[in-house]
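Structure data (PDB, C-alpha atoms) from run-v8.pdb:
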```pdb
ATOM      1  CA  MET B   1      43.326 103.905  88.542
ATOM      2  CA  MET B   2      45.433 103.448  91.673
ATOM      3  CA  GLY B   3      48.300 101.671  89.935
ATOM      4  CA  GLY B   4      48.129 103.595  86.668
ATOM      5  CA  GLU B   5      50.280 106.441  85.472
ATOM      6  CA  ILE B   6      49.741 109.913  86.882
ATOM      7  CA  THR B   7      48.273 112.178  84.222
ATOM      8  CA  LEU B   8      47.580 115.883  84.068
ATOM      9  CA  GLY B   9      43.951 114.976  84.759
ATOM     10  CA  HIS B  10      44.909 113.602  88.185
ATOM     11  CA  TYR B  11      46.461 116.915  89.192
ATOM     12  CA  LEU B  12      43.508 118.888  87.834
ATOM     13  CA  ALA B  13      41.040 116.627  89.665
ATOM     14  CA  LEU B  14      43.019 117.040  92.902
ATOM     15  CA  SER B  15      42.973 120.808  92.374
ATOM     16  CA  GLY B  16      39.221 120.692  91.793
ATOM     17  CA  VAL B  17      38.516 118.714  94.961
ATOM     18  CA  LEU B  18      40.769 121.038  96.968
ATOM     19  CA  PHE B  19      38.853 124.000  95.545
ATOM     20  CA  LEU B  20      35.526 122.434  96.579
ATOM     21  CA  LEU B  21      36.839 121.890 100.121
ATOM     22  CA  GLY B  22      37.939 125.520 100.330
ATOM     23  CA  LEU B  23      34.605 126.659  98.927
ATOM     24  CA  ALA B  24      32.759 124.651 101.578
ATOM     25  CA  GLY B  25      34.910 126.338 104.236
ATOM     26  CA  VAL B  26      34.189 129.828 102.901
ATOM     27  CA  VAL B  27      30.442 129.236 102.668
ATOM     28  CA  LEU B  28      29.792 127.129 105.770
ATOM     29  CA  ARG B  29      32.150 128.410 108.470
ATOM     30  CA  ARG B  30      31.166 131.428 110.538
ATOM     31  CA  SER B  31      34.522 132.293 112.101
ATOM     32  CA  LEU B  32      36.209 134.847 109.839
ATOM     33  CA  LEU B  33      39.630 133.377 110.675
ATOM     34  CA  ILE B  34      38.608 130.002 109.244
ATOM     35  CA  VAL B  35      37.023 131.711 106.243
ATOM     36  CA  MET B  36      40.373 133.387 105.511
ATOM     37  CA  MET B  37      42.210 130.082 105.863
ATOM     38  CA  SER B  38      39.739 128.543 103.403
ATOM     39  CA  LEU B  39      40.489 131.416 101.014
ATOM     40  CA  GLU B  40      44.144 130.380 101.142
ATOM     41  CA  LEU B  41      43.026 126.846 100.215
ATOM     42  CA  LEU B  42      41.153 128.241  97.191
ATOM     43  CA  LEU B  43      44.249 130.131  96.026
ATOM     44  CA  ASN B  44      46.364 127.009  96.498
ATOM     45  CA  ALA B  45      43.977 124.928  94.398
ATOM     46  CA  ALA B  46      44.335 127.459  91.569
ATOM     47  CA  ASN B  47      48.131 127.460  92.001
ATOM     48  CA  LEU B  48      48.259 123.665  91.738
ATOM     49  CA  ALA B  49      46.229 123.670  88.518
ATOM     50  CA  LEU B  50      48.427 126.419  87.024
ATOM     51  CA  VAL B  51      51.715 124.679  87.801
ATOM     52  CA  ALA B  52      50.403 121.310  86.569
ATOM     53  CA  VAL B  53      49.169 122.685  83.232
ATOM     54  CA  GLY B  54      52.371 124.677  82.760
ATOM     55  CA  ARG B  55      54.539 121.648  83.344
ATOM     56  CA  PHE B  56      52.596 119.271  81.109
ATOM     57  CA  GLN B  57      52.363 121.866  78.324
ATOM     58  CA  GLY B  58      56.010 122.914  78.653
ATOM     59  CA  LEU B  59      55.275 126.562  79.501
ATOM     60  CA  PRO B  60      57.231 128.443  82.193
ATOM     61  CA  ASP B  61      54.801 131.383  82.380
ATOM     62  CA  PRO B  62      52.251 129.749  84.745
ATOM     63  CA  GLN B  63      55.001 129.409  87.326
ATOM     64  CA  VAL B  64      55.561 133.170  87.153
ATOM     65  CA  ALA B  65      51.803 133.629  87.572
ATOM     66  CA  VAL B  66      51.854 131.408  90.686
ATOM     67  CA  PHE B  67      54.742 133.490  92.043
ATOM     68  CA  PHE B  68      52.583 136.612  91.722
ATOM     69  CA  VAL B  69      49.569 134.819  93.209
ATOM     70  CA  ILE B  70      51.628 133.928  96.289
ATOM     71  CA  THR B  71      52.729 137.568  96.637
ATOM     72  CA  VAL B  72      49.179 138.872  96.321
ATOM     73  CA  ALA B  73      47.960 136.206  98.758
ATOM     74  CA  ALA B  74      50.495 137.406 101.337
ATOM     75  CA  ALA B  75      49.281 140.998 100.937
ATOM     76  CA  GLU B  76      45.654 139.802 101.095
ATOM     77  CA  ALA B  77      46.278 137.857 104.290
ATOM     78  CA  ALA B  78      47.978 140.837 105.956
ATOM     79  CA  LEU B  79      45.188 143.271 105.006
ATOM     80  CA  GLY B  80      42.381 140.820 105.788
ATOM     81  CA  LEU B  81      43.774 140.039 109.215
ATOM     82  CA  ALA B  82      44.238 143.752 109.926
ATOM     83  CA  ILE B  83      40.571 144.373 109.067
ATOM     84  CA  LEU B  84      39.650 141.381 111.234
ATOM     85  CA  VAL B  85      41.561 142.826 114.203
ATOM     86  CA  ALA B  86      39.960 146.247 113.660
ATOM     87  CA  ILE B  87      36.462 144.682 113.604
ATOM     88  CA  PHE B  88      37.258 142.533 116.639
ATOM     89  CA  ARG B  89      38.127 145.670 118.647
ATOM     90  CA  ILE B  90      34.620 147.014 118.024
ATOM     91  CA  LYS B  91      32.454 143.887 117.980
ATOM     92  CA  LYS B  92      34.502 141.591 120.282
ATOM     93  CA  THR B  93      33.768 138.650 117.981
ATOM     94  CA  THR B  94      35.032 137.023 114.775
ATOM     95  CA  ASP B  95      31.638 135.516 113.955
ATOM     96  CA  ALA B  96      30.572 136.583 110.470
ATOM     97  CA  ASP B  97      26.874 136.205 111.375
ATOM     98  CA  GLN B  98      27.268 138.965 114.001
ATOM     99  CA  MET B  99      28.423 141.418 111.314
ATOM    100  CA  ALA B 100      25.139 141.766 109.478
ATOM    101  CA  THR B 101      24.987 145.578 109.596
ATOM    102  CA  LEU B 102      27.000 148.084 107.573
ATOM    103  CA  ARG B 103      27.395 150.513 110.488
ATOM    104  CA  PHE B 104      28.594 149.860 114.008
TER
ATOM    105  CA  MET C 105      57.275 105.245  92.313
ATOM    106  CA  GLU C 106      55.611 108.362  90.895
ATOM    107  CA  PRO C 107      51.992 107.216  91.409
ATOM    108  CA  PHE C 108      52.885 106.167  94.964
ATOM    109  CA  PHE C 109      54.232 109.633  95.846
ATOM    110  CA  PHE C 110      51.324 111.359  94.120
ATOM    111  CA  TRP C 111      48.669 109.415  96.022
ATOM    112  CA  ILE C 112      50.434 109.867  99.371
ATOM    113  CA  LEU C 113      50.817 113.624  98.842
ATOM    114  CA  ALA C 114      47.321 114.068  97.399
ATOM    115  CA  GLY C 115      45.792 112.147 100.309
ATOM    116  CA  GLY C 116      47.749 114.186 102.842
ATOM    117  CA  LEU C 117      46.807 117.443 101.147
ATOM    118  CA  LEU C 118      43.081 116.627 101.039
ATOM    119  CA  LEU C 119      43.021 115.279 104.607
ATOM    120  CA  SER C 120      44.721 118.358 106.057
ATOM    121  CA  ALA C 121      42.501 120.634 103.943
ATOM    122  CA  LEU C 122      39.455 118.795 105.291
ATOM    123  CA  ALA C 123      40.790 119.291 108.824
ATOM    124  CA  VAL C 124      41.161 123.041 108.157
ATOM    125  CA  VAL C 125      37.527 123.258 107.098
ATOM    126  CA  ALA C 126      36.028 120.875 109.677
ATOM    127  CA  LEU C 127      37.849 121.333 113.010
ATOM    128  CA  ARG C 128      36.773 123.911 115.583
ATOM    129  CA  ASN C 129      39.893 125.046 117.421
ATOM    130  CA  PRO C 130      41.515 127.886 115.387
ATOM    131  CA  VAL C 131      45.065 126.910 116.410
ATOM    132  CA  THR C 132      44.480 123.338 115.171
ATOM    133  CA  ASN C 133      43.076 124.732 111.922
ATOM    134  CA  ALA C 134      46.183 126.883 111.445
ATOM    135  CA  VAL C 135      48.547 123.954 112.063
ATOM    136  CA  CYS C 136      46.549 121.789 109.629
ATOM    137  CA  LEU C 137      46.785 124.591 107.060
ATOM    138  CA  VAL C 138      50.580 124.586 107.497
ATOM    139  CA  ALA C 139      50.519 120.817 106.823
ATOM    140  CA  ALA C 140      48.377 121.354 103.708
ATOM    141  CA  LEU C 141      50.761 124.045 102.410
ATOM    142  CA  VAL C 142      53.791 121.792 102.956
ATOM    143  CA  PHE C 143      52.037 118.923 101.113
ATOM    144  CA  GLN C 144      51.348 121.345  98.287
ATOM    145  CA  ALA C 145      55.036 122.346  98.230
ATOM    146  CA  ALA C 146      55.922 118.638  97.892
ATOM    147  CA  LEU C 147      53.447 118.364  94.996
ATOM    148  CA  PHE C 148      55.215 121.349  93.381
ATOM    149  CA  ILE C 149      58.434 119.305  93.553
ATOM    150  CA  THR C 150      56.726 116.360  91.813
ATOM    151  CA  LEU C 151      55.716 118.942  89.169
ATOM    152  CA  GLU C 152      59.378 119.979  88.760
ATOM    153  CA  ALA C 153      58.910 123.452  90.244
ATOM    154  CA  PRO C 154      61.561 123.512  93.005
ATOM    155  CA  PHE C 155      61.711 127.307  93.293
ATOM    156  CA  LEU C 156      57.957 127.578  93.799
ATOM    157  CA  ALA C 157      58.134 124.781  96.374
ATOM    158  CA  ALA C 158      60.737 126.778  98.314
ATOM    159  CA  VAL C 159      58.700 129.991  98.034
ATOM    160  CA  GLN C 160      55.589 128.104  99.150
ATOM    161  CA  VAL C 161      57.307 126.909 102.325
ATOM    162  CA  ILE C 162      59.091 130.185 103.119
ATOM    163  CA  VAL C 163      56.335 132.678 102.302
ATOM    164  CA  TYR C 164      53.127 130.679 102.829
ATOM    165  CA  ALA C 165      53.915 128.075 105.476
ATOM    166  CA  GLY C 166      56.391 130.469 107.094
ATOM    167  CA  ALA C 167      55.414 134.132 106.949
ATOM    168  CA  VAL C 168      51.674 134.037 106.251
ATOM    169  CA  MET C 169      50.942 131.294 108.761
ATOM    170  CA  VAL C 170      52.961 133.008 111.484
ATOM    171  CA  LEU C 171      50.782 136.058 110.804
ATOM    172  CA  PHE C 172      47.658 133.908 111.226
ATOM    173  CA  LEU C 173      48.936 132.422 114.498
ATOM    174  CA  PHE C 174      49.836 135.898 115.815
ATOM    175  CA  VAL C 175      46.305 137.136 115.108
ATOM    176  CA  ILE C 176      44.762 134.019 116.702
ATOM    177  CA  MET C 177      46.766 134.709 119.869
ATOM    178  CA  LEU C 178      46.079 138.454 119.712
ATOM    179  CA  LEU C 179      42.318 137.911 119.483
ATOM    180  CA  ASP C 180      42.396 135.117 122.070
ATOM    181  CA  VAL C 181      39.742 133.200 120.111
ATOM    182  CA  ARG C 182      38.137 130.323 121.964
ATOM    183  CA  VAL C 183      36.894 127.091 120.452
ATOM    184  CA  GLU C 184      33.917 127.965 118.290
ATOM    185  CA  ALA C 185      30.600 127.097 119.887
ATOM    186  CA  HIS C 186      28.266 124.711 118.112
ATOM    187  CA  GLY C 187      25.614 126.845 116.453
ATOM    188  CA  LYS C 188      22.603 126.080 114.352
ATOM    189  CA  VAL C 189      23.605 124.102 111.278
ATOM    190  CA  PRO C 190      22.850 126.239 108.170
ATOM    191  CA  TRP C 191      21.109 123.452 106.233
ATOM    192  CA  VAL C 192      20.387 125.634 103.203
ATOM    193  CA  LYS C 193      24.086 126.438 102.807
ATOM    194  CA  VAL C 194      25.071 122.796 103.417
ATOM    195  CA  GLY C 195      22.590 121.728 100.742
ATOM    196  CA  GLY C 196      23.990 124.275  98.297
ATOM    197  CA  VAL C 197      27.584 123.171  98.884
ATOM    198  CA  VAL C 198      26.641 119.479  98.548
ATOM    199  CA  LEU C 199      24.720 120.222  95.339
ATOM    200  CA  ILE C 200      27.579 122.197  93.774
ATOM    201  CA  SER C 201      30.186 119.624  94.851
ATOM    202  CA  GLY C 202      28.093 116.741  93.540
ATOM    203  CA  LEU C 203      27.544 118.419  90.183
ATOM    204  CA  ALA C 204      31.238 119.315  89.873
ATOM    205  CA  LEU C 205      32.453 115.818  90.798
ATOM    206  CA  ALA C 206      29.905 114.194  88.467
ATOM    207  CA  HIS C 207      31.171 116.302  85.576
ATOM    208  CA  LEU C 208      34.907 115.795  86.221
ATOM    209  CA  PRO C 209      35.195 112.760  83.855
ATOM    210  CA  ARG C 210      33.323 114.655  81.138
ATOM    211  CA  LEU C 211      35.726 117.588  81.501
ATOM    212  CA  ALA C 212      38.605 115.147  81.106
ATOM    213  CA  ALA C 213      37.096 114.038  77.798
ATOM    214  CA  VAL C 214      36.712 117.652  76.623
ATOM    215  CA  PHE C 215      40.399 118.398  77.308
ATOM    216  CA  PRO C 216      42.236 115.592  75.498
ATOM    217  CA  PHE C 217      45.592 116.725  76.891
ATOM    218  CA  SER C 218      44.405 115.852  80.397
ATOM    219  CA  SER C 219      45.336 112.182  79.818
ATOM    220  CA  GLN C 220      48.928 113.228  79.096
ATOM    221  CA  VAL C 221      51.675 111.399  81.026
ATOM    222  CA  LEU C 222      55.022 113.093  81.680
ATOM    223  CA  HIS C 223      57.573 111.271  83.815
ATOM    224  CA  TRP C 224      59.714 113.023  86.383
ATOM    225  CA  GLY C 225      62.741 114.596  84.721
ATOM    226  CA  GLN C 226      61.151 114.668  81.265
ATOM    227  CA  GLY C 227      59.554 118.109  81.580
ATOM    228  CA  LYS C 228      60.750 120.772  79.156
ATOM    229  CA  ILE C 229      60.881 123.554  81.761
ATOM    230  CA  SER C 230      63.217 123.578  84.727
ATOM    231  CA  GLY C 231      61.384 125.833  87.194
ATOM    232  CA  SER C 232      64.709 126.753  88.784
ATOM    233  CA  ALA C 233      65.305 130.094  90.478
ATOM    234  CA  GLN C 234      67.596 131.080  87.607
ATOM    235  CA  ASP C 235      65.030 130.490  84.855
ATOM    236  CA  LEU C 236      62.134 132.040  86.770
ATOM    237  CA  GLY C 237      64.305 135.011  87.749
ATOM    238  CA  HIS C 238      65.230 135.541  84.112
ATOM    239  CA  LEU C 239      61.549 135.645  83.161
ATOM    240  CA  LEU C 240      60.664 137.882  86.118
ATOM    241  CA  PHE C 241      63.279 140.485  85.252
ATOM    242  CA  SER C 242      62.737 140.455  81.478
ATOM    243  CA  SER C 243      59.196 140.009  80.143
ATOM    244  CA  TYR C 244      57.468 140.306  83.538
ATOM    245  CA  ALA C 245      59.556 143.195  84.907
ATOM    246  CA  PRO C 246      56.654 145.739  84.904
ATOM    247  CA  LEU C 247      54.453 143.294  86.822
ATOM    248  CA  PHE C 248      57.283 142.635  89.235
ATOM    249  CA  LEU C 249      57.621 146.367  89.944
ATOM    250  CA  ALA C 250      53.836 146.662  90.332
ATOM    251  CA  THR C 251      54.024 143.883  92.937
ATOM    252  CA  GLY C 252      56.491 146.007  94.893
ATOM    253  CA  VAL C 253      54.027 148.914  94.857
ATOM    254  CA  LEU C 254      51.227 146.536  95.911
ATOM    255  CA  LEU C 255      53.207 145.349  98.921
ATOM    256  CA  LEU C 256      53.993 148.949  99.902
ATOM    257  CA  VAL C 257      50.312 149.913  99.666
ATOM    258  CA  ALA C 258      49.348 146.832 101.687
ATOM    259  CA  THR C 259      51.890 147.731 104.380
ATOM    260  CA  VAL C 260      50.616 151.316 104.627
ATOM    261  CA  GLY C 261      47.035 150.050 104.677
ATOM    262  CA  VAL C 262      47.708 147.651 107.536
ATOM    263  CA  VAL C 263      49.449 150.364 109.570
ATOM    264  CA  VAL C 264      46.514 152.758 109.046
ATOM    265  CA  LEU C 265      43.952 150.067 109.902
ATOM    266  CA  CYS C 266      45.683 149.092 113.123
ATOM    267  CA  ARG C 267      46.241 152.584 114.545
ATOM    268  CA  ARG C 268      44.353 152.806 117.795
ATOM    269  CA  ASP C 269      43.235 156.427 117.332
ATOM    270  CA  SER C 270      42.205 156.028 113.698
ATOM    271  CA  HIS C 271      38.773 157.364 112.840
ATOM    272  CA  LEU C 272      37.667 154.259 110.951
TER
END
```
In structure tokens, what does this structure look like?
Amino acid sequence: MMGGEITLGHYLALSGVLFLLGLAGVVLRRSLLIVMMSLELLLNAANLALVAVGRFQGLPDPQVAVFFVITVAAAEAALGLAILVAIFRIKKTTDADQMATLRF
Amino acid sequence: MEPFFFWILAGGLLLSALAVVALRNPVTNAVCLVAALVFQAALFITLEAPFLAAVQVIVYAGAVMVLFLFVIMLLDVRVEAHGKVPWVKVGGVVLISGLALAHLPRLAAVFPFSSQVLHWGQGKISGSAQDLGHLLFSSYAPLFLATGVLLLVATVGVVVLCRRDSHL
């Protein structure tokens, strides 16, 4: 497999493993900052799969979709970090386990 | 040469992603995430998507990561203390990962096009700024405008959230 040609399957497998890593980060880590970074990894795994399929199938549209995903991810990061800062002002922590109640 | 580049970039991407998930100092995590995003941009180039590679570096590795680093400094987060290991969650993640990895070859058999080989330079689409821009401003123009509204709403939302005297 190491010396063989690179197929679409290689890119999809890489995307899948990257997604699993990001998923592990989201589920296992307690610091909300790391959880948000893992979310970026998840989005990147999806982006990689989209671009790979688009290229091997000869479609330009997935690249446009990835462009929008990057835009939405930027907005998501800005809003998520703002919420994180607002919570940190009240709770003085970024530990997700400390935020088990709906009211402060 | 193509397999060589792919394996180098894939290995770098997975290693830096693993570092993001596993390490405990938030600044190190952020720097590793920048590395992962740059590796991904290089993979976009091997997929003949140069414009997306540039956007990935400028927007993701540039703007978004600077935002992350600013917040890390603003919150003055220390190295995360070792807590109790959530064995149930670890077991769940290992189970899901094992199942997914075990079924990857079967998925490859279900999608016959996954064994397709396309050498660099043979792709039918260019992925240049010109071609993507043409698509963005013709068939995807409404979505493009909606994205502008989304960014405006996000900006207003962030300003409201971060006001010190807000009643949130």
query: Counting all atoms listed in the file, what is within 12 Å of Ala77 in chain B, bar same-chain residues fewer than 5 positions away, as a VMD selection string?
result: (chain B and resid 32 to 33 35 to 40 43 69 to 72 82 to 84) or (chain C and resid 163 to 164 167 to 173 175 255 258 to 259 262)
- prompt: Neighbours of Cys136 in chain C within 7 Å (only C-alpha atoms; same-chain residues fewer than 4 positions away dropped), as a list in words?
  reply: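 Surrounding residues, per the criterion: Ser120, Ala123, Val124, Thr132 and Ala140 of chain C.
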task: For CA of Leu8 in chain B and CA of Leu247 in chain C, quote the distance in Å rounded to one decimal.
output: 28.4 Å
Spatial neighbours of Gln57 in chain B, max dist 9 Å, only C-alpha atoms, sep filter under 5 positions, as a list in words: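 Result of the neighbour search: Ala52 of chain B; Phe217, Gly227 and Lys228 of chain C.
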Between CA of Gly196 in chain C and CA of Val17 in chain B, distance in Å (one decimal):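 According to the coordinates, CA of Gly196 in chain C and CA of Val17 in chain B are separated by 15.9 Å.
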- request: Can you pull out every residue within 12 Å of range 193-195 of chain C, counting all atoms listed in the file, but drop anything in the same chain fewer than 5 positions away, and send it as number ranges by chain?
  value: B: 23-30; C: 188, 200-202
- request: Grab the CA of Leu21 in chain B to CA of Ala126 in chain C distance for me, in Å with one decimal place.
  value: 9.6 Å
- prompt: For chain B, which residue among C:Ala145, C:Leu117, C:Val125, C:Leu256 is the nearest when counting only C-alpha atoms?
  reply: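 Among the listed residues, the smallest separation from chain B belongs to C:Val125.
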Enclose all atoms of range 170-184 of chain C listed in the file in an axis-aligned box, grow every side by 3 Å, and hand back centre and edge lengths in Å to one decimal, as lines of an AutoDock Vina configuration file.
```
center_x = 43.4
center_y = 132.8
center_z = 116.4
size_x = 25.0
size_y = 17.4
size_z = 17.3
```
- prompt: So, counting all atoms listed in the file, which residue among B:Asn44, B:Gly58, B:Leu81, B:Ala65 is closest to Gly16 in chain B?
  reply: B:Asn44
message: For Ala153 in chain C, find every residue with an atom within 9 Å (counting all atoms listed in the file), except residues of its own chain fewer than 3 positions away, and show them as a list in words.
response: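 Close residues of Ala153 in chain C: Val51, Arg55 and Gln63 of chain B; Ala145, Leu147, Phe148, Ile149, Thr150, Leu156, Ala157, Ala158, Ile229, Ser230, Gly231 and Ser232 of chain C.
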query: Of the candidates C:Pro190, C:Gly166, C:Gly116, C:Pro246, which one gets nearest to chain B if we count only C-alpha atoms?
result: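 That would be C:Pro190, the residue with the smallest distance to chain B.
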task: Between C:Val257, C:Leu119, C:Ala213, C:Val221, single out the one closest to chain B, counting only C-alpha atoms.
output: C:Val221
Missing atoms in range 64-90 of chain B should be modelled up to N, CA and C atoms and reported as a PDB file, keeping the file's coordinate frame.
```
ATOM      1  N   VAL B  64      55.451 131.752  86.806  1.00  0.00           N
ATOM      2  CA  VAL B  64      55.561 133.170  87.153  1.00  0.00           C
ATOM      3  C   VAL B  64      54.235 133.671  87.719  1.00  0.00           C
ATOM      4  N   ALA B  65      53.130 133.219  87.089  1.00  0.00           N
ATOM      5  CA  ALA B  65      51.803 133.629  87.572  1.00  0.00           C
ATOM      6  C   ALA B  65      51.608 133.164  89.017  1.00  0.00           C
ATOM      7  N   VAL B  66      52.007 131.929  89.324  1.00  0.00           N
ATOM      8  CA  VAL B  66      51.854 131.408  90.686  1.00  0.00           C
ATOM      9  C   VAL B  66      52.699 132.232  91.657  1.00  0.00           C
ATOM     10  N   PHE B  67      53.888 132.635  91.213  1.00  0.00           N
ATOM     11  CA  PHE B  67      54.742 133.490  92.043  1.00  0.00           C
ATOM     12  C   PHE B  67      54.002 134.774  92.421  1.00  0.00           C
ATOM     13  N   PHE B  68      53.335 135.387  91.435  1.00  0.00           N
ATOM     14  CA  PHE B  68      52.583 136.612  91.722  1.00  0.00           C
ATOM     15  C   PHE B  68      51.381 136.321  92.617  1.00  0.00           C
ATOM     16  N   VAL B  69      50.729 135.171  92.378  1.00  0.00           N
ATOM     17  CA  VAL B  69      49.569 134.819  93.209  1.00  0.00           C
ATOM     18  C   VAL B  69      49.997 134.699  94.679  1.00  0.00           C
ATOM     19  N   ILE B  70      51.162 134.089  94.914  1.00  0.00           N
ATOM     20  CA  ILE B  70      51.628 133.928  96.289  1.00  0.00           C
ATOM     21  C   ILE B  70      51.889 135.304  96.921  1.00  0.00           C
ATOM     22  N   THR B  71      52.478 136.220  96.123  1.00  0.00           N
ATOM     23  CA  THR B  71      52.729 137.568  96.637  1.00  0.00           C
ATOM     24  C   THR B  71      51.426 138.270  96.995  1.00  0.00           C
ATOM     25  N   VAL B  72      50.460 138.209  96.068  1.00  0.00           N
ATOM     26  CA  VAL B  72      49.179 138.872  96.321  1.00  0.00           C
ATOM     27  C   VAL B  72      48.474 138.227  97.513  1.00  0.00           C
ATOM     28  N   ALA B  73      48.594 136.892  97.635  1.00  0.00           N
ATOM     29  CA  ALA B  73      47.960 136.206  98.758  1.00  0.00           C
ATOM     30  C   ALA B  73      48.556 136.664 100.080  1.00  0.00           C
ATOM     31  N   ALA B  74      49.872 136.922 100.106  1.00  0.00           N
ATOM     32  CA  ALA B  74      50.495 137.406 101.337  1.00  0.00           C
ATOM     33  C   ALA B  74      49.940 138.780 101.698  1.00  0.00           C
ATOM     34  N   ALA B  75      49.831 139.665 100.685  1.00  0.00           N
ATOM     35  CA  ALA B  75      49.281 140.998 100.937  1.00  0.00           C
ATOM     36  C   ALA B  75      47.835 140.901 101.394  1.00  0.00           C
ATOM     37  N   GLU B  76      47.069 139.982 100.749  1.00  0.00           N
ATOM     38  CA  GLU B  76      45.654 139.802 101.095  1.00  0.00           C
ATOM     39  C   GLU B  76      45.503 139.332 102.533  1.00  0.00           C
ATOM     40  N   ALA B  77      46.364 138.375 102.921  1.00  0.00           N
ATOM     41  CA  ALA B  77      46.278 137.857 104.290  1.00  0.00           C
ATOM     42  C   ALA B  77      46.581 138.957 105.297  1.00  0.00           C
ATOM     43  N   ALA B  78      47.614 139.772 105.025  1.00  0.00           N
ATOM     44  CA  ALA B  78      47.978 140.837 105.956  1.00  0.00           C
ATOM     45  C   ALA B  78      46.834 141.838 106.102  1.00  0.00           C
ATOM     46  N   LEU B  79      46.268 142.281 104.953  1.00  0.00           N
ATOM     47  CA  LEU B  79      45.188 143.271 105.006  1.00  0.00           C
ATOM     48  C   LEU B  79      43.929 142.685 105.640  1.00  0.00           C
ATOM     49  N   GLY B  80      43.582 141.443 105.240  1.00  0.00           N
ATOM     50  CA  GLY B  80      42.381 140.820 105.788  1.00  0.00           C
ATOM     51  C   GLY B  80      42.462 140.653 107.287  1.00  0.00           C
ATOM     52  N   LEU B  81      43.625 140.232 107.773  1.00  0.00           N
ATOM     53  CA  LEU B  81      43.774 140.039 109.215  1.00  0.00           C
ATOM     54  C   LEU B  81      43.746 141.382 109.939  1.00  0.00           C
ATOM     55  N   ALA B  82      44.295 142.428 109.299  1.00  0.00           N
ATOM     56  CA  ALA B  82      44.238 143.752 109.926  1.00  0.00           C
ATOM     57  C   ALA B  82      42.796 144.218 110.063  1.00  0.00           C
ATOM     58  N   ILE B  83      41.994 144.008 109.003  1.00  0.00           N
ATOM     59  CA  ILE B  83      40.571 144.373 109.067  1.00  0.00           C
ATOM     60  C   ILE B  83      39.878 143.560 110.152  1.00  0.00           C
ATOM     61  N   LEU B  84      40.244 142.260 110.229  1.00  0.00           N
ATOM     62  CA  LEU B  84      39.650 141.381 111.234  1.00  0.00           C
ATOM     63  C   LEU B  84      39.935 141.896 112.644  1.00  0.00           C
ATOM     64  N   VAL B  85      41.193 142.311 112.879  1.00  0.00           N
ATOM     65  CA  VAL B  85      41.561 142.826 114.203  1.00  0.00           C
ATOM     66  C   VAL B  85      40.787 144.116 114.496  1.00  0.00           C
ATOM     67  N   ALA B  86      40.673 144.984 113.459  1.00  0.00           N
ATOM     68  CA  ALA B  86      39.960 146.247 113.660  1.00  0.00           C
ATOM     69  C   ALA B  86      38.498 145.993 113.996  1.00  0.00           C
ATOM     70  N   ILE B  87      37.866 145.007 113.309  1.00  0.00           N
ATOM     71  CA  ILE B  87      36.462 144.682 113.604  1.00  0.00           C
ATOM     72  C   ILE B  87      36.346 144.080 114.997  1.00  0.00           C
ATOM     73  N   PHE B  88      37.320 143.212 115.341  1.00  0.00           N
ATOM     74  CA  PHE B  88      37.258 142.533 116.639  1.00  0.00           C
ATOM     75  C   PHE B  88      37.302 143.540 117.784  1.00  0.00           C
ATOM     76  N   ARG B  89      38.045 144.650 117.589  1.00  0.00           N
ATOM     77  CA  ARG B  89      38.127 145.670 118.647  1.00  0.00           C
ATOM     78  C   ARG B  89      36.760 146.278 118.924  1.00  0.00           C
ATOM     79  N   ILE B  90      35.935 146.388 117.865  1.00  0.00           N
ATOM     80  CA  ILE B  90      34.620 147.014 118.024  1.00  0.00           C
ATOM     81  C   ILE B  90      33.580 145.992 118.454  1.00  0.00           C
TER      82      ILE B  90
END
```
